[in-house]
$ cat data-v6.cif   # mmCIF, C-alpha atoms and all ligand atoms
data_model
#
loop_
_atom_site.label_atom_id
_atom_site.label_comp_id
_atom_site.auth_asym_id
_atom_site.auth_seq_id
_atom_site.Cartn_x
_atom_site.Cartn_y
_atom_site.Cartn_z
CA MET G 1 -42.67 -89.71 -48.90
CA THR G 2 -46.33 -88.74 -48.78
CA TYR G 3 -48.07 -89.19 -45.46
CA LEU G 4 -51.54 -90.43 -44.64
CA ASP G 5 -53.02 -88.09 -42.06
CA GLY G 6 -54.59 -90.27 -39.36
CA VAL G 7 -55.26 -87.43 -36.90
CA SER G 8 -56.69 -84.60 -39.04
CA GLY G 9 -53.70 -82.28 -39.10
CA GLY G 10 -52.18 -83.87 -36.00
CA ALA G 11 -54.68 -82.31 -33.58
CA MET G 12 -58.14 -83.52 -34.71
CA VAL G 13 -58.76 -80.23 -36.49
CA THR G 14 -58.81 -80.54 -40.29
CA SER G 15 -61.98 -82.60 -40.52
CA LEU G 16 -62.61 -81.43 -44.11
CA GLY G 17 -59.02 -81.84 -45.28
CA GLN G 18 -56.88 -79.16 -46.83
CA GLY G 19 -57.50 -76.69 -49.65
CA ILE G 20 -61.31 -76.49 -49.71
CA ASP G 21 -62.17 -73.72 -52.18
CA SER G 22 -65.53 -72.70 -50.71
CA ILE G 23 -63.89 -72.04 -47.34
CA ILE G 24 -60.90 -70.23 -48.79
CA ASP G 25 -63.26 -68.09 -50.88
CA ALA G 26 -65.37 -67.27 -47.82
CA ALA G 27 -62.23 -66.16 -45.98
CA ALA G 28 -61.06 -64.01 -48.87
CA ALA G 29 -64.47 -62.42 -49.48
CA GLN G 30 -64.96 -61.58 -45.81
CA SER G 31 -61.42 -60.25 -45.48
CA ARG G 32 -62.06 -57.88 -48.37
CA GLU G 33 -65.24 -56.64 -46.80
CA VAL G 34 -64.68 -56.43 -43.00
CA SER G 35 -62.17 -58.83 -41.51
CA PHE G 36 -62.23 -57.62 -37.93
CA LEU G 37 -64.52 -55.89 -35.47
CA TYR G 38 -64.21 -56.08 -31.69
CA SER G 39 -67.24 -58.08 -30.61
CA GLN G 40 -67.36 -56.44 -27.17
CA GLN G 41 -68.45 -53.32 -29.05
CA PHE G 42 -69.98 -54.57 -32.29
CA THR G 43 -71.77 -57.58 -33.61
CA SER G 44 -71.77 -58.57 -37.29
CA PRO G 45 -74.12 -60.41 -39.65
CA GLN G 46 -71.58 -63.24 -39.80
CA GLN G 47 -71.45 -63.61 -36.01
CA GLU G 48 -75.25 -63.49 -35.76
CA ALA G 49 -75.65 -66.06 -38.53
CA LEU G 50 -73.09 -68.40 -37.01
CA ALA G 51 -74.70 -68.18 -33.56
CA GLU G 52 -78.06 -68.97 -35.12
CA LYS G 53 -76.72 -71.91 -37.12
CA LEU G 54 -74.75 -73.38 -34.22
CA THR G 55 -77.60 -73.18 -31.75
CA GLU G 56 -79.88 -74.76 -34.36
CA LEU G 57 -77.51 -77.75 -34.61
CA ALA G 58 -77.00 -77.96 -30.83
CA PRO G 59 -79.28 -79.96 -28.51
CA PRO G 60 -82.75 -78.42 -28.10
CA GLY G 61 -82.85 -75.54 -25.63
CA PHE G 62 -79.31 -74.32 -26.37
CA GLY G 63 -80.05 -70.83 -27.61
CA ARG G 64 -76.92 -68.75 -26.93
CA ALA G 65 -73.35 -68.83 -28.21
CA HIS G 66 -70.26 -66.87 -27.23
CA PHE G 67 -67.32 -66.96 -29.64
CA VAL G 68 -63.63 -67.20 -28.79
CA ALA G 69 -60.46 -68.17 -30.62
CA GLY G 70 -59.87 -71.78 -29.54
CA GLY G 71 -60.57 -74.70 -27.24
CA ALA G 72 -58.97 -73.52 -24.01
CA GLU G 73 -60.64 -70.12 -24.41
CA ALA G 74 -63.99 -71.83 -24.93
CA ASN G 75 -63.47 -73.85 -21.75
CA GLU G 76 -62.42 -70.71 -19.86
CA ALA G 77 -65.69 -69.17 -21.02
CA ALA G 78 -67.57 -72.26 -19.79
CA LEU G 79 -65.92 -72.07 -16.38
CA ARG G 80 -66.79 -68.40 -16.15
CA VAL G 81 -70.37 -68.93 -17.16
CA ALA G 82 -70.79 -71.86 -14.75
CA ARG G 83 -69.36 -69.88 -11.85
CA ALA G 84 -71.18 -66.63 -12.74
CA TYR G 85 -74.49 -68.54 -13.14
CA HIS G 86 -74.39 -69.49 -9.46
CA VAL G 87 -73.30 -66.00 -8.38
CA GLU G 88 -76.21 -64.55 -10.38
CA ARG G 89 -78.55 -66.90 -8.52
CA GLY G 90 -77.22 -65.89 -5.12
CA ALA G 91 -74.98 -68.91 -4.51
CA PRO G 92 -71.44 -67.43 -4.48
CA GLU G 93 -70.17 -70.40 -2.42
CA ARG G 94 -70.35 -72.55 -5.57
CA TRP G 95 -67.01 -72.42 -7.33
CA ARG G 96 -65.47 -75.89 -7.40
CA MET G 97 -65.30 -77.93 -10.57
CA ILE G 98 -65.19 -81.74 -10.47
CA SER G 99 -63.70 -83.58 -13.44
CA PRO G 100 -62.28 -86.97 -14.41
CA ALA G 101 -58.60 -87.41 -13.61
CA GLN G 102 -57.74 -88.49 -17.15
CA ALA G 103 -58.73 -85.50 -19.24
CA TYR G 104 -57.36 -82.61 -21.25
CA HIS G 105 -59.15 -79.29 -21.42
CA GLY G 106 -56.34 -76.95 -22.49
CA PRO G 107 -53.03 -75.50 -21.34
CA THR G 108 -54.22 -72.32 -19.58
CA MET G 109 -54.01 -72.33 -15.79
CA SER G 110 -57.71 -72.80 -15.11
CA THR G 111 -58.17 -75.48 -17.79
CA LEU G 112 -55.00 -77.27 -16.67
CA ALA G 113 -56.48 -77.45 -13.17
CA LEU G 114 -59.30 -79.57 -14.62
CA THR G 115 -57.07 -82.50 -15.43
CA GLY G 116 -55.64 -84.78 -12.76
CA ARG G 117 -52.43 -85.49 -14.63
CA PRO G 118 -49.57 -84.60 -12.27
CA SER G 119 -46.92 -84.64 -15.00
CA MET G 120 -48.68 -81.79 -16.81
CA GLN G 121 -49.55 -79.89 -13.66
CA ARG G 122 -46.42 -80.22 -11.54
CA PRO G 123 -44.41 -77.16 -12.63
CA PHE G 124 -47.48 -74.93 -12.32
CA GLU G 125 -49.00 -76.27 -9.11
CA PRO G 126 -48.79 -72.95 -7.26
CA TYR G 127 -51.11 -71.44 -9.88
CA LEU G 128 -53.64 -74.27 -10.07
CA GLU G 129 -56.83 -74.65 -8.07
CA SER G 130 -56.98 -78.13 -6.51
CA HIS G 131 -60.35 -79.19 -7.88
CA PRO G 132 -61.46 -82.78 -7.08
CA HIS G 133 -60.97 -85.47 -9.73
CA ILE G 134 -62.61 -88.85 -10.10
CA PRO G 135 -61.19 -91.95 -11.83
CA PRO G 136 -62.38 -92.79 -15.33
CA ALA G 137 -64.66 -95.82 -15.78
CA THR G 138 -62.33 -97.80 -18.04
CA TRP G 139 -62.21 -101.58 -18.66
CA ARG G 140 -59.31 -101.87 -16.24
CA PHE G 141 -60.85 -100.28 -13.15
CA ASP G 142 -64.55 -99.85 -13.52
CA PRO G 143 -66.29 -101.23 -16.61
CA THR G 144 -69.78 -100.52 -15.26
CA GLY G 145 -69.21 -96.95 -14.03
CA GLU G 146 -70.29 -97.78 -10.46
CA GLN G 147 -66.96 -96.95 -8.89
CA SER G 148 -66.72 -93.63 -10.71
CA LEU G 149 -70.12 -92.71 -9.33
CA GLU G 150 -68.99 -93.71 -5.84
CA ALA G 151 -65.91 -91.53 -6.31
CA LEU G 152 -68.18 -88.68 -7.41
CA ASP G 153 -70.30 -89.11 -4.28
CA HIS G 154 -67.17 -89.16 -2.18
CA ALA G 155 -65.82 -85.99 -3.83
CA LEU G 156 -69.17 -84.22 -3.38
CA ALA G 157 -69.31 -85.21 0.29
CA GLU G 158 -65.72 -84.20 0.91
CA VAL G 159 -65.93 -80.68 -0.49
CA GLY G 160 -69.62 -80.16 0.27
CA PRO G 161 -72.02 -80.36 -2.68
CA GLU G 162 -73.10 -76.77 -2.02
CA THR G 163 -69.61 -75.59 -3.06
CA VAL G 164 -69.68 -77.34 -6.46
CA ALA G 165 -70.36 -75.18 -9.52
CA ALA G 166 -70.00 -77.80 -12.27
CA PHE G 167 -68.89 -81.22 -13.40
CA VAL G 168 -66.69 -80.89 -16.49
CA CYS G 169 -65.82 -83.72 -18.90
CA GLU G 170 -65.38 -84.77 -22.51
CA PRO G 171 -68.30 -86.89 -23.83
CA VAL G 172 -65.81 -89.01 -25.78
CA SER G 173 -62.21 -88.42 -24.75
CA ALA G 174 -59.54 -87.38 -27.17
CA ALA G 175 -55.82 -87.32 -26.32
CA ALA G 176 -56.06 -88.27 -22.64
CA LEU G 177 -58.02 -91.52 -23.15
CA PRO G 178 -58.59 -91.79 -26.90
CA GLY G 179 -62.11 -92.87 -27.84
CA TYR G 180 -63.21 -93.52 -24.23
CA SER G 181 -66.70 -92.60 -23.10
CA PRO G 182 -68.14 -93.42 -19.66
CA PRO G 183 -70.79 -96.16 -19.53
CA THR G 184 -74.50 -95.25 -19.59
CA LEU G 185 -74.81 -95.94 -15.86
CA PHE G 186 -72.31 -93.17 -15.16
CA TRP G 187 -74.14 -90.58 -17.27
CA GLU G 188 -77.46 -91.46 -15.65
CA GLY G 189 -75.92 -91.28 -12.19
CA LEU G 190 -74.30 -87.95 -13.01
CA ASP G 191 -77.66 -86.61 -14.16
CA ALA G 192 -79.34 -87.74 -10.92
CA ARG G 193 -76.64 -86.10 -8.79
CA ARG G 194 -76.76 -82.89 -10.82
CA ARG G 195 -80.51 -82.67 -10.15
CA GLU G 196 -80.08 -83.48 -6.49
CA HIS G 197 -77.19 -81.10 -5.79
CA GLY G 198 -77.74 -78.25 -8.25
CA PHE G 199 -74.39 -78.16 -10.04
CA LEU G 200 -74.10 -77.73 -13.82
CA VAL G 201 -72.74 -80.21 -16.35
CA VAL G 202 -70.21 -78.76 -18.79
CA LEU G 203 -69.31 -80.88 -21.81
CA ASP G 204 -65.98 -80.15 -23.46
CA GLU G 205 -66.79 -80.87 -27.12
CA VAL G 206 -63.70 -79.08 -28.39
CA VAL G 207 -62.80 -82.27 -30.25
CA THR G 208 -66.12 -84.12 -30.46
CA GLY G 209 -68.26 -81.18 -31.58
CA ILE G 210 -69.08 -80.54 -35.26
CA GLY G 211 -69.36 -84.09 -36.45
CA ARG G 212 -66.30 -85.91 -35.13
CA THR G 213 -68.37 -88.61 -33.38
CA GLY G 214 -70.97 -88.86 -36.15
CA ALA G 215 -73.36 -86.29 -34.67
CA TRP G 216 -73.18 -82.49 -34.78
CA PHE G 217 -72.61 -82.68 -31.03
CA ALA G 218 -71.72 -85.86 -29.11
CA ALA G 219 -74.16 -84.60 -26.45
CA LEU G 220 -77.00 -85.53 -28.81
CA ASP G 221 -76.17 -89.20 -28.24
CA LEU G 222 -75.91 -89.05 -24.44
CA PRO G 223 -78.58 -90.02 -21.92
CA LEU G 224 -78.15 -86.60 -20.27
CA VAL G 225 -78.65 -83.04 -21.50
CA PRO G 226 -75.73 -80.83 -20.45
CA ASP G 227 -75.98 -77.17 -19.38
CA VAL G 228 -72.96 -75.80 -21.22
CA ILE G 229 -71.08 -77.11 -24.29
CA THR G 230 -67.79 -75.95 -25.76
CA VAL G 231 -66.59 -76.51 -29.32
CA ALA G 232 -63.52 -75.41 -31.25
CA LYS G 233 -61.34 -77.58 -33.48
CA GLY G 234 -63.78 -78.77 -36.14
CA LEU G 235 -65.61 -75.44 -36.20
CA GLY G 236 -62.74 -73.70 -37.98
CA ALA G 237 -61.54 -77.02 -39.44
CA GLY G 238 -57.99 -75.64 -39.55
CA TYR G 239 -58.83 -72.59 -41.66
CA VAL G 240 -59.25 -70.11 -38.78
CA PRO G 241 -58.82 -70.25 -35.00
CA ILE G 242 -62.32 -70.22 -33.55
CA GLY G 243 -64.16 -71.74 -30.61
CA ALA G 244 -67.52 -71.27 -28.96
CA MET G 245 -69.23 -71.70 -25.62
CA ILE G 246 -72.90 -72.58 -26.03
CA CYS G 247 -75.26 -72.52 -23.09
CA SER G 248 -78.77 -73.67 -22.36
CA ASP G 249 -81.59 -71.17 -22.16
CA ALA G 250 -81.92 -71.92 -18.44
CA VAL G 251 -78.32 -70.87 -17.86
CA TYR G 252 -78.78 -67.77 -20.00
CA GLU G 253 -81.92 -66.78 -18.07
CA ALA G 254 -79.91 -66.48 -14.84
CA PHE G 255 -77.97 -63.66 -16.52
CA ALA G 256 -80.97 -62.18 -18.33
CA GLN G 257 -82.85 -61.89 -15.06
CA GLY G 258 -79.74 -60.93 -13.11
CA SER G 259 -76.91 -58.55 -13.92
CA ARG G 260 -77.40 -58.87 -17.71
CA ALA G 261 -73.61 -58.91 -17.99
CA PHE G 262 -71.11 -61.57 -19.04
CA GLU G 263 -67.58 -60.21 -19.37
CA LEU G 264 -65.02 -62.13 -21.43
CA GLY G 265 -63.50 -59.84 -24.01
CA HIS G 266 -60.82 -61.77 -25.86
CA THR G 267 -59.81 -59.59 -28.81
CA TRP G 268 -60.46 -62.23 -31.48
CA GLY G 269 -63.76 -63.58 -30.21
CA GLY G 270 -66.38 -63.59 -32.95
CA ALA G 271 -64.41 -61.63 -35.58
CA PRO G 272 -66.27 -61.54 -38.91
CA VAL G 273 -63.64 -63.43 -40.88
CA GLN G 274 -63.61 -66.32 -38.41
CA CYS G 275 -67.39 -66.49 -38.32
CA ALA G 276 -67.69 -66.37 -42.11
CA VAL G 277 -65.22 -69.25 -42.40
CA ALA G 278 -66.99 -71.32 -39.72
CA LEU G 279 -70.26 -70.79 -41.58
CA ALA G 280 -68.61 -72.04 -44.77
CA VAL G 281 -67.30 -75.08 -42.84
CA LEU G 282 -70.79 -75.93 -41.59
CA GLU G 283 -72.26 -75.41 -45.07
CA GLU G 284 -69.65 -77.73 -46.59
CA LEU G 285 -70.31 -80.41 -43.95
CA GLU G 286 -74.06 -80.16 -44.54
CA ARG G 287 -73.90 -80.02 -48.32
CA ARG G 288 -71.73 -83.13 -48.50
CA GLY G 289 -73.57 -85.02 -45.75
CA LEU G 290 -70.27 -85.59 -43.97
CA VAL G 291 -71.61 -85.88 -40.44
CA GLU G 292 -73.99 -88.61 -41.57
CA HIS G 293 -71.07 -90.22 -43.41
CA VAL G 294 -69.00 -90.31 -40.20
CA ALA G 295 -71.95 -91.82 -38.32
CA GLU G 296 -72.29 -94.54 -40.91
CA ARG G 297 -68.58 -95.21 -41.63
CA GLY G 298 -67.16 -94.78 -38.11
CA PRO G 299 -68.41 -98.04 -36.53
CA ARG G 300 -67.17 -100.02 -39.54
CA LEU G 301 -63.78 -98.33 -39.36
CA ARG G 302 -63.53 -99.29 -35.69
CA ASP G 303 -64.47 -102.89 -36.53
CA GLU G 304 -61.98 -103.03 -39.39
CA LEU G 305 -59.24 -101.74 -37.13
CA ALA G 306 -60.16 -104.19 -34.35
CA GLU G 307 -60.17 -107.05 -36.84
CA ALA G 308 -56.80 -106.09 -38.30
CA LEU G 309 -55.33 -105.88 -34.79
CA ALA G 310 -57.09 -108.98 -33.43
CA GLY G 311 -53.95 -111.10 -33.74
CA SER G 312 -51.98 -108.80 -31.48
CA ALA G 313 -51.60 -109.78 -27.83
CA MET G 314 -50.46 -106.22 -27.13
CA VAL G 315 -53.79 -104.68 -28.19
CA ARG G 316 -56.34 -104.83 -25.40
CA GLU G 317 -59.09 -102.56 -26.67
CA VAL G 318 -60.10 -100.72 -29.84
CA ARG G 319 -62.81 -98.23 -28.95
CA GLY G 320 -64.44 -94.97 -29.95
CA ARG G 321 -67.28 -93.32 -31.76
CA GLY G 322 -67.46 -91.96 -35.30
CA PHE G 323 -64.01 -90.88 -36.48
CA LEU G 324 -62.58 -90.61 -32.94
CA LEU G 325 -60.94 -93.94 -32.17
CA GLY G 326 -58.47 -95.20 -29.61
CA ILE G 327 -56.27 -98.24 -29.09
CA ASP G 328 -55.15 -99.44 -25.63
CA TYR G 329 -51.92 -101.45 -25.38
CA VAL G 330 -51.02 -103.94 -22.63
CA ASP G 331 -48.14 -106.24 -21.81
CA PRO G 332 -48.45 -109.09 -24.36
CA ARG G 333 -47.23 -111.57 -21.77
CA ASP G 334 -50.45 -111.42 -19.76
CA GLY G 335 -52.81 -109.28 -21.91
CA GLU G 336 -53.62 -107.24 -18.81
CA SER G 337 -50.77 -105.31 -17.19
CA MET G 338 -49.54 -101.97 -18.42
CA LEU G 339 -46.42 -102.07 -20.54
CA ASP G 340 -43.26 -100.92 -18.84
CA PRO G 341 -43.11 -97.15 -19.47
CA ALA G 342 -39.34 -97.50 -19.96
CA LEU G 343 -40.05 -99.35 -23.22
CA GLY G 344 -41.51 -96.16 -24.69
CA VAL G 345 -44.17 -98.03 -26.67
CA ALA G 346 -46.16 -94.88 -27.50
CA ARG G 347 -43.11 -93.27 -29.08
CA MET G 348 -42.28 -96.54 -30.90
CA ILE G 349 -45.81 -96.66 -32.36
CA ASP G 350 -45.65 -93.10 -33.65
CA ASP G 351 -42.16 -93.63 -35.11
CA GLU G 352 -42.99 -96.96 -36.76
CA ALA G 353 -46.21 -95.48 -38.15
CA LEU G 354 -44.36 -92.47 -39.54
CA ALA G 355 -41.82 -94.77 -41.14
CA ARG G 356 -44.80 -96.36 -42.96
CA GLY G 357 -46.16 -92.97 -44.02
CA LEU G 358 -48.91 -92.83 -41.40
CA ILE G 359 -49.45 -90.04 -38.86
CA VAL G 360 -51.07 -91.13 -35.58
CA TYR G 361 -50.85 -89.75 -32.05
CA SER G 362 -49.87 -91.96 -29.12
CA THR G 363 -49.52 -91.23 -25.43
CA GLN G 364 -47.40 -92.74 -22.66
CA PRO G 365 -48.86 -94.48 -19.59
CA THR G 366 -49.71 -92.15 -16.72
CA ALA G 367 -48.25 -92.57 -13.24
CA ASP G 368 -51.70 -92.85 -11.65
CA GLY G 369 -52.26 -96.02 -13.73
CA PHE G 370 -55.47 -94.70 -15.31
CA ALA G 371 -54.07 -94.67 -18.84
CA CYS G 372 -51.76 -97.16 -20.53
CA ASP G 373 -49.89 -96.68 -23.79
CA GLN G 374 -52.56 -95.62 -26.25
CA THR G 375 -52.99 -94.42 -29.82
CA LEU G 376 -55.48 -91.86 -31.07
CA ILE G 377 -56.85 -92.20 -34.60
CA ALA G 378 -59.05 -89.44 -35.97
CA PRO G 379 -59.01 -89.25 -39.78
CA THR G 380 -60.54 -86.45 -41.83
CA PHE G 381 -64.20 -86.91 -42.74
CA VAL G 382 -63.27 -86.79 -46.44
CA SER G 383 -60.87 -89.75 -46.26
CA THR G 384 -61.54 -92.03 -49.20
CA GLU G 385 -62.21 -95.75 -48.90
CA GLU G 386 -58.63 -96.32 -50.13
CA ASP G 387 -57.28 -93.95 -47.47
CA LEU G 388 -59.15 -95.78 -44.71
CA ALA G 389 -58.05 -99.18 -45.94
CA GLU G 390 -54.44 -97.94 -46.07
CA LEU G 391 -54.79 -96.50 -42.58
CA VAL G 392 -55.95 -99.84 -41.17
CA GLU G 393 -53.26 -101.77 -43.01
CA ARG G 394 -50.42 -99.44 -42.04
CA MET G 395 -51.60 -99.38 -38.42
CA ALA G 396 -51.67 -103.16 -38.27
CA ALA G 397 -48.15 -103.33 -39.74
CA THR G 398 -47.03 -100.71 -37.21
CA VAL G 399 -48.40 -102.67 -34.25
CA ARG G 400 -46.82 -105.89 -35.54
CA ALA G 401 -43.43 -104.17 -35.79
CA VAL G 402 -43.70 -102.66 -32.31
CA GLU G 403 -44.89 -105.92 -30.80
CA ALA G 404 -41.81 -107.64 -32.22
CA ARG G 405 -39.60 -104.95 -30.66
CA VAL G 406 -41.41 -105.32 -27.32
CA ALA G 407 -40.99 -109.11 -27.45
CA ALA G 408 -37.28 -108.66 -28.15
CA ALA G 409 -36.98 -106.20 -25.27
CA ASN G 410 -38.83 -108.59 -22.98
CA GLY G 411 -36.47 -111.33 -24.03
CA ALA G 412 -39.34 -113.54 -25.14
CA THR G 413 -41.58 -114.18 -28.10
CA ALA G 414 -44.94 -112.49 -27.76
CA PRO G 415 -47.85 -114.92 -27.58
CA SER G 416 -49.94 -114.69 -30.74
CA ALA G 417 -53.71 -114.52 -30.52
CA ALA G 418 -54.32 -115.00 -26.77
CA GLY G 419 -55.52 -111.88 -25.00
CA GLY G 420 -55.88 -109.99 -28.26
CA ALA G 421 -58.12 -107.05 -29.07
CA ARG G 422 -61.26 -106.88 -27.00
N1 LIG G 501 -60.31 -79.64 -24.92
C1 LIG G 501 -59.93 -80.77 -25.53
C2 LIG G 501 -60.77 -82.00 -25.36
C3 LIG G 501 -58.78 -80.79 -26.32
O1 LIG G 501 -58.39 -81.94 -26.91
C4 LIG G 501 -58.03 -79.60 -26.48
C5 LIG G 501 -56.81 -79.60 -27.32
O2 LIG G 501 -56.32 -80.58 -27.75
C6 LIG G 501 -58.45 -78.44 -25.81
C7 LIG G 501 -59.60 -78.50 -25.05
C8 LIG G 501 -57.68 -77.16 -25.94
O3 LIG G 501 -57.91 -76.59 -27.18
P1 LIG G 501 -56.93 -75.48 -27.76
O4 LIG G 501 -55.62 -76.15 -27.99
O5 LIG G 501 -57.60 -75.03 -29.02
O6 LIG G 501 -56.83 -74.39 -26.76
#
$ encode --input "data-v6.cif" --output "structure tokens"
Amino acid sequence: MTYLDGVSGGAMVTSLGQGIDSIIDAAAAQSREVSFLYSQQFTSPQQEALAEKLTELAPPGFGRAHFVAGGAEANEAALRVARAYHVERGAPERWRMISPAQAYHGPTMSTLALTGRPSMQRPFEPYLESHPHIPPATWRFDPTGEQSLEALDHALAEVGPETVAAFVCEPVSAAALPGYSPPTLFWEGLDARRREHGFLVVLDEVVTGIGRTGAWFAALDLPLVPDVITVAKGLGAGYVPIGAMICSDAVYEAFAQGSRAFELGHTWGGAPVQCAVALAVLEELERRGLVEHVAERGPRLRDELAEALAGSAMVREVRGRGFLLGIDYVDPRDGESMLDPALGVARMIDDEALARGLIVYSTQPTADGFACDQTLIAPTFVSTEEDLAELVERMAATVRAVEARVAAANGATAPSAAGGAR
């Protein structure tokens, strides 16, 4: 069987698809010349060019980039820079990070501490800082964002705002809450509190960066300018492991006028072969107008998916931006409650989709009740019209099959249109 890749290599990485000659050629040419140099000691034309290109595409005022080998490393670099920024400015008491409870920032100890998901954290609790978390502003709990802001105020008051180094979040969530983005009110409130209390805003754009949401950076579409941005997956597009931490000139100035040092010497950060490949990725995206394509095609894809799933009482919400979409499932009997986790709906969806030749990524409900069964859909930017139509059709057939299994398990027939996709 051939499979339709609905999640860009399974992890929202291969945004350009497989086997792109210009990228393969760039890797080969650079490997023949100089594949590796330790960037703590040497820079390279490829690293310089990539830093220049990336900061040109980033929001205005983001003039510095530090390269690493992946998403968690990029977030580690962001945490370091956020903490060191305050130390440089004579505020060593600022170290805490506040983040939404439903998030994923990587599997390393300090990035794992930024999620509030106990099932992921439990075995490693002794190693994890207990940073405060706030609830997400989802349709279920807080559609306006007011309660999240109240929770932020509460967290700031509890730990003391003078101890907070940064607020860290994804602009549009990936695996933890597929396609979710806080409402405008939340972003505006976050901005006001950042100004009042002096903490930084770090945006994890490991998934959203480099076109996934229909902009080079999702930050460009937010009503707030962050201080630090991280990117990774789409930058190497599956051809090399690479990530970057990009910071605003104001953040950089704290170092330039302070110790002039920022230590984070991962061996593979900024190696010439990775940078040459990332440059080829950006060139390919630009040459083919693929970011603009995602911006134009994404909303229609979301609408097509919502329409195809509209008859399902198990689908509560189809959301997302660009080619980063999510589906929320609820109990079809009331269109509201979470499905019983014992049913294993997320696993059923992935299995039924695979049986129809479609790869998607679904997640189980979380014990804190912030996330229900959900599916993430993030196709490659080069998906053809036929691919996208197939994706929608196979996903609708998948949901129908799972809904029938859920109805059988519930011992009842699922109601048809009532409480469908919203
Ligand atoms: N941040 C987000 C939003 C992610 O989705 C991921 C991985 O899925 C990471 C960070 C970690 O990236 P990596 O697996 O490259 O370390």
$ atom_distance --input "data-v6.cif" --atom1 "CA of Pro118 (chain G)" --atom2 "CA of Thr138 (chain G)"
19.2 Å
$ residues_near_ligand --input "data-v6.cif" --ligand "ligand LIG 501 (chain G)" --cutoff "9 Å" --atoms "all atoms listed in the file" --output "PyMOL selection string"
chain G and resi 11-12+69-75+103-108+111+169-170+172-176+204-208+230-233+241-243
$ closest_atom_pairs --input "data-v6.cif" --of "region 67-157 of chain G" --to "region 253-262 of chain G" --cutoff "9 Å" --atoms "all atoms listed in the file" --output "CSV"
residue,atom,partner,partner_atom,distance
G:Arg80,CA,G:Phe262,CA,8.6
G:Val81,CA,G:Phe262,CA,7.6
G:Ala84,CA,G:Phe262,CA,8.1
G:Tyr85,CA,G:Ala254,CA,6.0
G:His86,CA,G:Ala254,CA,8.3
G:Glu88,CA,G:Gly258,CA,5.7
G:Arg89,CA,G:Ala254,CA,6.5
$ write_last_selection --input "data-v6.cif" --atoms "C-alpha atoms" --output "PDB file, in the coordinates of the input"
ATOM      1  CA  ARG G  80     -66.790 -68.400 -16.150  1.00  0.00           C
ATOM      2  CA  VAL G  81     -70.370 -68.930 -17.160  1.00  0.00           C
ATOM      3  CA  ALA G  84     -71.180 -66.630 -12.740  1.00  0.00           C
ATOM      4  CA  TYR G  85     -74.490 -68.540 -13.140  1.00  0.00           C
ATOM      5  CA  HIS G  86     -74.390 -69.490  -9.460  1.00  0.00           C
ATOM      6  CA  GLU G  88     -76.210 -64.550 -10.380  1.00  0.00           C
ATOM      7  CA  ARG G  89     -78.550 -66.900  -8.520  1.00  0.00           C
TER       8      ARG G  89
END
$ atom_distance --input "data-v6.cif" --atom1 "CA of Thr384 (chain G)" --atom2 "CA of Asp303 (chain G)"
16.9 Å
$ residues_around --input "data-v6.cif" --residues "Pro135 (chain G)" --least-positions-apart "6" --cutoff "7 Å" --atoms "all atoms listed in the file" --output "list in words"
Pro100, Ala101 and Ser148 of chain G
$ residues_around --input "data-v6.cif" --residues "Glu146 (chain G)" --least-positions-apart "4" --cutoff "7 Å" --atoms "all atoms listed in the file" --output "list of chain:residue names"
G:Asp142, G:Glu150, G:Phe186
$ closest_residue --input "data-v6.cif" --among "G:Val273, G:Met1, G:Val291, G:Val315" --to "Ala355 (chain G)" --atoms "only C-alpha atoms"
G:Met1
$ residues_around --input "data-v6.cif" --residues "Gln147 (chain G)" --least-positions-apart "2" --cutoff "12 Å" --atoms "all atoms listed in the file" --output "JSON, numbers by chain"
{"G": [134, 135, 136, 137, 138, 139, 140, 141, 142, 143, 144, 145, 149, 150, 151, 152, 153, 154, 182, 183, 185, 186, 189]}
$ closest_residue --input "data-v6.cif" --among "G:Pro161, G:Gly344, G:Gly298, G:Gly369" --to "Leu388 (chain G)" --atoms "all atoms listed in the file"
G:Gly298
$ closest_residue --input "data-v6.cif" --among "G:Leu200, G:Ala276, G:Ser312, G:His266" --to "Cys247 (chain G)" --atoms "all atoms listed in the file"
G:Leu200
